[in-house]
file entry33.cif (mmCIF, C-alpha atoms; chains and numbers go by the auth columns)
data_model
#
loop_
_atom_site.group_PDB
_atom_site.id
_atom_site.type_symbol
_atom_site.label_atom_id
_atom_site.label_comp_id
_atom_site.label_asym_id
_atom_site.label_seq_id
_atom_site.Cartn_x
_atom_site.Cartn_y
_atom_site.Cartn_z
_atom_site.B_iso_or_equiv
_atom_site.auth_seq_id
_atom_site.auth_asym_id
ATOM 1 C CA MET A 1 -44.681 42.657 -4.805 0.00 1 B
ATOM 2 C CA LEU A 2 -47.801 41.568 -6.684 0.00 2 B
ATOM 3 C CA HIS A 3 -49.558 38.303 -5.911 0.00 3 B
ATOM 4 C CA ARG A 4 -50.709 36.891 -9.206 0.00 4 B
ATOM 5 C CA ASN A 5 -53.742 34.659 -9.330 0.00 5 B
ATOM 6 C CA THR A 6 -52.583 31.258 -10.520 0.00 6 B
ATOM 7 C CA ASN A 7 -56.097 30.051 -11.352 0.00 7 B
ATOM 8 C CA THR A 8 -56.738 29.567 -15.041 0.00 8 B
ATOM 9 C CA GLU A 9 -60.209 31.076 -14.750 0.00 9 B
ATOM 10 C CA GLN A 10 -60.101 34.856 -15.068 0.00 10 B
ATOM 11 C CA ALA A 11 -62.621 37.664 -15.035 0.00 11 B
ATOM 12 C CA ARG A 12 -62.501 41.123 -16.526 0.00 12 B
ATOM 13 C CA PHE A 13 -63.063 44.413 -14.699 0.00 13 B
ATOM 14 C CA ASP A 14 -63.456 47.635 -16.677 0.00 14 B
ATOM 15 C CA THR A 15 -63.839 51.142 -15.315 0.00 15 B
ATOM 16 C CA ARG A 16 -63.838 54.730 -16.476 0.00 16 B
ATOM 17 C CA LEU A 17 -61.828 57.358 -14.637 0.00 17 B
ATOM 18 C CA SER A 18 -60.801 60.926 -15.163 0.00 18 B
ATOM 19 C CA LYS A 19 -57.585 61.806 -16.942 0.00 19 B
ATOM 20 C CA GLU A 20 -56.258 63.271 -13.680 0.00 20 B
ATOM 21 C CA GLN A 21 -56.964 60.045 -11.799 0.00 21 B
ATOM 22 C CA LYS A 22 -55.249 57.965 -14.457 0.00 22 B
ATOM 23 C CA GLU A 23 -52.181 60.204 -14.401 0.00 23 B
ATOM 24 C CA LEU A 24 -52.071 60.062 -10.601 0.00 24 B
ATOM 25 C CA PHE A 25 -52.369 56.270 -10.587 0.00 25 B
ATOM 26 C CA GLU A 26 -49.727 55.884 -13.295 0.00 26 B
ATOM 27 C CA TYR A 27 -47.342 58.112 -11.369 0.00 27 B
ATOM 28 C CA ALA A 28 -47.922 56.143 -8.155 0.00 28 B
ATOM 29 C CA ALA A 29 -47.446 52.864 -10.015 0.00 29 B
ATOM 30 C CA GLN A 30 -44.164 54.124 -11.441 0.00 30 B
ATOM 31 C CA LEU A 31 -42.935 55.304 -8.038 0.00 31 B
ATOM 32 C CA GLY A 32 -44.002 52.023 -6.464 0.00 32 B
ATOM 33 C CA GLY A 33 -42.019 50.003 -8.971 0.00 33 B
ATOM 34 C CA PHE A 34 -45.011 48.290 -10.519 0.00 34 B
ATOM 35 C CA ARG A 35 -44.572 46.891 -13.989 0.00 35 B
ATOM 36 C CA THR A 36 -47.943 48.184 -15.233 0.00 36 B
ATOM 37 C CA LEU A 37 -50.833 50.340 -14.105 0.00 37 B
ATOM 38 C CA THR A 38 -52.965 47.192 -14.039 0.00 38 B
ATOM 39 C CA ASP A 39 -50.543 45.506 -11.626 0.00 39 B
ATOM 40 C CA PHE A 40 -50.669 48.577 -9.391 0.00 40 B
ATOM 41 C CA VAL A 41 -54.470 48.785 -9.419 0.00 41 B
ATOM 42 C CA ILE A 42 -54.945 45.068 -8.749 0.00 42 B
ATOM 43 C CA ASN A 43 -52.412 45.120 -5.909 0.00 43 B
ATOM 44 C CA SER A 44 -53.882 48.268 -4.339 0.00 44 B
ATOM 45 C CA VAL A 45 -57.487 47.097 -4.563 0.00 45 B
ATOM 46 C CA GLN A 46 -56.583 43.671 -3.183 0.00 46 B
ATOM 47 C CA GLU A 47 -54.769 45.216 -0.189 0.00 47 B
ATOM 48 C CA LYS A 48 -57.697 47.550 0.525 0.00 48 B
ATOM 49 C CA ALA A 49 -60.205 44.698 0.214 0.00 49 B
ATOM 50 C CA LYS A 50 -58.256 42.571 2.701 0.00 50 B
ATOM 51 C CA ALA A 51 -58.022 45.500 5.142 0.00 51 B
ATOM 52 C CA ILE A 52 -61.783 46.104 4.958 0.00 52 B
ATOM 53 C CA ILE A 53 -62.524 42.390 5.438 0.00 53 B
ATOM 54 C CA ASN A 54 -60.144 42.184 8.425 0.00 54 B
ATOM 55 C CA GLN A 55 -61.687 45.288 9.984 0.00 55 B
ATOM 56 C CA HIS A 56 -65.174 43.858 9.510 0.00 56 B
ATOM 57 C CA ALA A 57 -64.126 40.557 11.103 0.00 57 B
ATOM 58 C CA ALA A 58 -62.662 42.438 14.090 0.00 58 B
ATOM 59 C CA ILE A 59 -65.885 44.406 14.530 0.00 59 B
ATOM 60 C CA LEU A 60 -67.947 41.217 14.439 0.00 60 B
ATOM 61 C CA ALA A 61 -65.637 39.555 16.964 0.00 61 B
ATOM 62 C CA SER A 62 -65.850 42.627 19.186 0.00 62 B
ATOM 63 C CA LYS A 63 -69.652 42.603 19.020 0.00 63 B
ATOM 64 C CA LYS A 64 -69.701 38.912 19.906 0.00 64 B
ATOM 65 C CA ASP A 65 -67.319 39.507 22.840 0.00 65 B
ATOM 66 C CA LYS A 66 -69.564 42.335 24.102 0.00 66 B
ATOM 67 C CA GLU A 67 -72.620 40.119 23.837 0.00 67 B
ATOM 68 C CA ILE A 68 -70.929 37.332 25.819 0.00 68 B
ATOM 69 C CA PHE A 69 -69.689 39.781 28.467 0.00 69 B
ATOM 70 C CA PHE A 70 -73.022 41.527 28.999 0.00 70 B
ATOM 71 C CA ASN A 71 -74.936 38.245 28.989 0.00 71 B
ATOM 72 C CA ALA A 72 -72.636 37.032 31.760 0.00 72 B
ATOM 73 C CA LEU A 73 -73.330 40.205 33.757 0.00 73 B
ATOM 74 C CA LEU A 74 -77.069 40.294 33.179 0.00 74 B
ATOM 75 C CA LYS A 75 -77.744 36.558 33.374 0.00 75 B
ATOM 76 C CA PRO A 76 -75.205 35.172 35.824 0.00 76 B
ATOM 77 C CA ALA A 77 -75.049 31.402 36.073 0.00 77 B
ATOM 78 C CA ALA A 78 -74.313 29.511 39.261 0.00 78 B
ATOM 79 C CA PRO A 79 -70.669 28.440 39.565 0.00 79 B
ATOM 80 C CA ASN A 80 -70.029 24.932 38.326 0.00 80 B
ATOM 81 C CA LYS A 81 -68.233 22.192 40.270 0.00 81 B
ATOM 82 C CA LYS A 82 -64.765 22.960 38.865 0.00 82 B
ATOM 83 C CA LEU A 83 -65.070 26.634 39.735 0.00 83 B
ATOM 84 C CA MET A 84 -66.181 25.791 43.277 0.00 84 B
ATOM 85 C CA GLU A 85 -63.196 23.417 43.658 0.00 85 B
ATOM 86 C CA ALA A 86 -60.837 26.115 42.374 0.00 86 B
ATOM 87 C CA ALA A 87 -62.246 28.582 44.902 0.00 87 B
ATOM 88 C CA VAL A 88 -61.651 26.095 47.748 0.00 88 B
ATOM 89 C CA ARG A 89 -58.051 25.533 46.577 0.00 89 B
ATOM 90 C CA TYR A 90 -57.489 29.260 46.355 0.00 90 B
ATOM 91 C CA LYS A 91 -58.799 29.875 49.863 0.00 91 B
ATOM 92 C CA LYS A 92 -56.608 27.078 51.207 0.00 92 B
ATOM 93 C CA SER A 93 -53.550 28.574 49.489 0.00 93 B
ATOM 94 C CA LEU A 94 -54.281 31.951 51.104 0.00 94 B
ATOM 95 C CA ALA A 95 -54.610 30.341 54.526 0.00 95 B
ATOM 96 C CA LYS A 96 -51.126 28.791 54.204 0.00 96 B
ATOM 97 C CA LYS A 97 -49.432 32.175 53.724 0.00 97 B
#

call {"tool": "encode", "arguments": {"input": "entry33.cif", "output": "structure tokens"}}
result
Amino acid sequence: MLHRNTNTEQARFDTRLSKEQKELFEYAAQLGGFRTLTDFVINSVQEKAKAIINQHAAILASKKDKEIFFNALLKPAAPNKKLMEAAVRYKKSLAKK
């Protein structure tokens, strides 16, 4: 369930939380089958971090796609040779039908 970091270099992360938060987290860790509260917290934070990073990457990709699309609409380029050849082939295929 938990992906352990196999690197030998480690860092420490300390935080203060309310008693209610700790009890809630411990209960969730127990229900989730985690060995320790630390395992639960590390797993949960890692999953949330990956989700945020993936969402951010999707937003950036979407912005880039929009930029490409609107640039194509606002600054149309003349068709290149391959596109012109494809259009001729397409018209010929329609004429055969």

call {"tool": "resolve_selection", "arguments": {"input": "entry33.cif", "expression": "the PyMOL selection byres ((chain B and resi 42-52) around 12)", "output": "list in words"}}
result
Met1, Leu2, His3, Arg4, Asn5, Arg12, Phe13, Asp14, Phe25, Ala28, Ala29, Gly32, Gly33, Phe34, Arg35, Thr36, Leu37, Thr38, Asp39, Phe40, Val41, Ile53, Asn54, Gln55, His56, Ala57, Ala58 and Ile59 of chain B

call {"tool": "axis_aligned_box", "arguments": {"input": "entry33.cif", "around": "stretch 76-93 of chain B", "padding_each_side": "6 Å", "output": "JSON"}}
result
{"center_x": -64.4, "center_y": 28.7, "center_z": 43.5, "size_x": 33.7, "size_y": 25.0, "size_z": 27.4}

call {"tool": "atom_distance", "arguments": {"input": "entry33.cif", "atom1": "atom CA of B:Glu23", "atom2": "atom CA of B:Gln10"}}
result
26.6 Å

call {"tool": "atom_distance", "arguments": {"input": "entry33.cif", "atom1": "atom CA of B:Ser18", "atom2": "atom CA of B:Gln30"}}
result
18.4 Å

call {"tool": "decode", "arguments": {"input": "entry33.cif", "residues": "stretch 40-62 of chain B", "atoms": "N, CA and C atoms", "output": "short mmCIF file (atom, residue, chain, number, x, y, z; two decimals), in the first residue's frame"}}
result
data_model
loop_
_atom_site.label_atom_id
_atom_site.label_comp_id
_atom_site.auth_asym_id
_atom_site.auth_seq_id
_atom_site.Cartn_x
_atom_site.Cartn_y
_atom_site.Cartn_z
N PHE B 40 0.49 6.40 7.11
CA PHE B 40 -0.75 6.95 6.57
C PHE B 40 -0.55 8.38 6.06
N VAL B 41 0.10 9.20 6.86
CA VAL B 41 0.30 10.61 6.49
C VAL B 41 1.18 10.70 5.24
N ILE B 42 2.26 9.97 5.21
CA ILE B 42 3.16 10.01 4.05
C ILE B 42 2.43 9.56 2.80
N ASN B 43 1.70 8.45 2.89
CA ASN B 43 0.96 7.94 1.75
C ASN B 43 -0.09 8.95 1.28
N SER B 44 -0.84 9.51 2.20
CA SER B 44 -1.91 10.45 1.85
C SER B 44 -1.36 11.72 1.22
N VAL B 45 -0.30 12.27 1.80
CA VAL B 45 0.29 13.49 1.27
C VAL B 45 0.90 13.24 -0.10
N GLN B 46 1.54 12.09 -0.27
CA GLN B 46 2.14 11.76 -1.56
C GLN B 46 1.06 11.63 -2.64
N GLU B 47 -0.05 10.96 -2.34
CA GLU B 47 -1.13 10.83 -3.31
C GLU B 47 -1.70 12.20 -3.68
N LYS B 48 -1.92 13.05 -2.68
CA LYS B 48 -2.46 14.39 -2.94
C LYS B 48 -1.48 15.22 -3.76
N ALA B 49 -0.20 15.13 -3.46
CA ALA B 49 0.81 15.87 -4.21
C ALA B 49 0.82 15.45 -5.67
N LYS B 50 0.76 14.16 -5.93
CA LYS B 50 0.74 13.66 -7.31
C LYS B 50 -0.51 14.15 -8.04
N ALA B 51 -1.66 14.14 -7.36
CA ALA B 51 -2.91 14.59 -7.98
C ALA B 51 -2.82 16.07 -8.35
N ILE B 52 -2.27 16.89 -7.46
CA ILE B 52 -2.13 18.31 -7.73
C ILE B 52 -1.18 18.54 -8.90
N ILE B 53 -0.07 17.82 -8.92
CA ILE B 53 0.91 17.95 -10.01
C ILE B 53 0.29 17.53 -11.34
N ASN B 54 -0.44 16.42 -11.35
CA ASN B 54 -1.11 15.97 -12.58
C ASN B 54 -2.15 16.97 -13.06
N GLN B 55 -2.91 17.54 -12.14
CA GLN B 55 -3.91 18.53 -12.50
C GLN B 55 -3.23 19.77 -13.09
N HIS B 56 -2.15 20.19 -12.48
CA HIS B 56 -1.41 21.35 -12.98
C HIS B 56 -0.87 21.09 -14.38
N ALA B 57 -0.34 19.90 -14.60
CA ALA B 57 0.19 19.54 -15.92
C ALA B 57 -0.93 19.55 -16.97
N ALA B 58 -2.12 19.06 -16.59
CA ALA B 58 -3.25 19.05 -17.52
C ALA B 58 -3.70 20.47 -17.86
N ILE B 59 -3.68 21.35 -16.87
CA ILE B 59 -4.05 22.74 -17.11
C ILE B 59 -3.05 23.40 -18.05
N LEU B 60 -1.77 23.16 -17.83
CA LEU B 60 -0.75 23.73 -18.71
C LEU B 60 -0.91 23.20 -20.13
N ALA B 61 -1.15 21.91 -20.27
CA ALA B 61 -1.34 21.32 -21.59
C ALA B 61 -2.57 21.93 -22.27
N SER B 62 -3.63 22.11 -21.50
CA SER B 62 -4.85 22.69 -22.03
C SER B 62 -4.61 24.13 -22.49
#
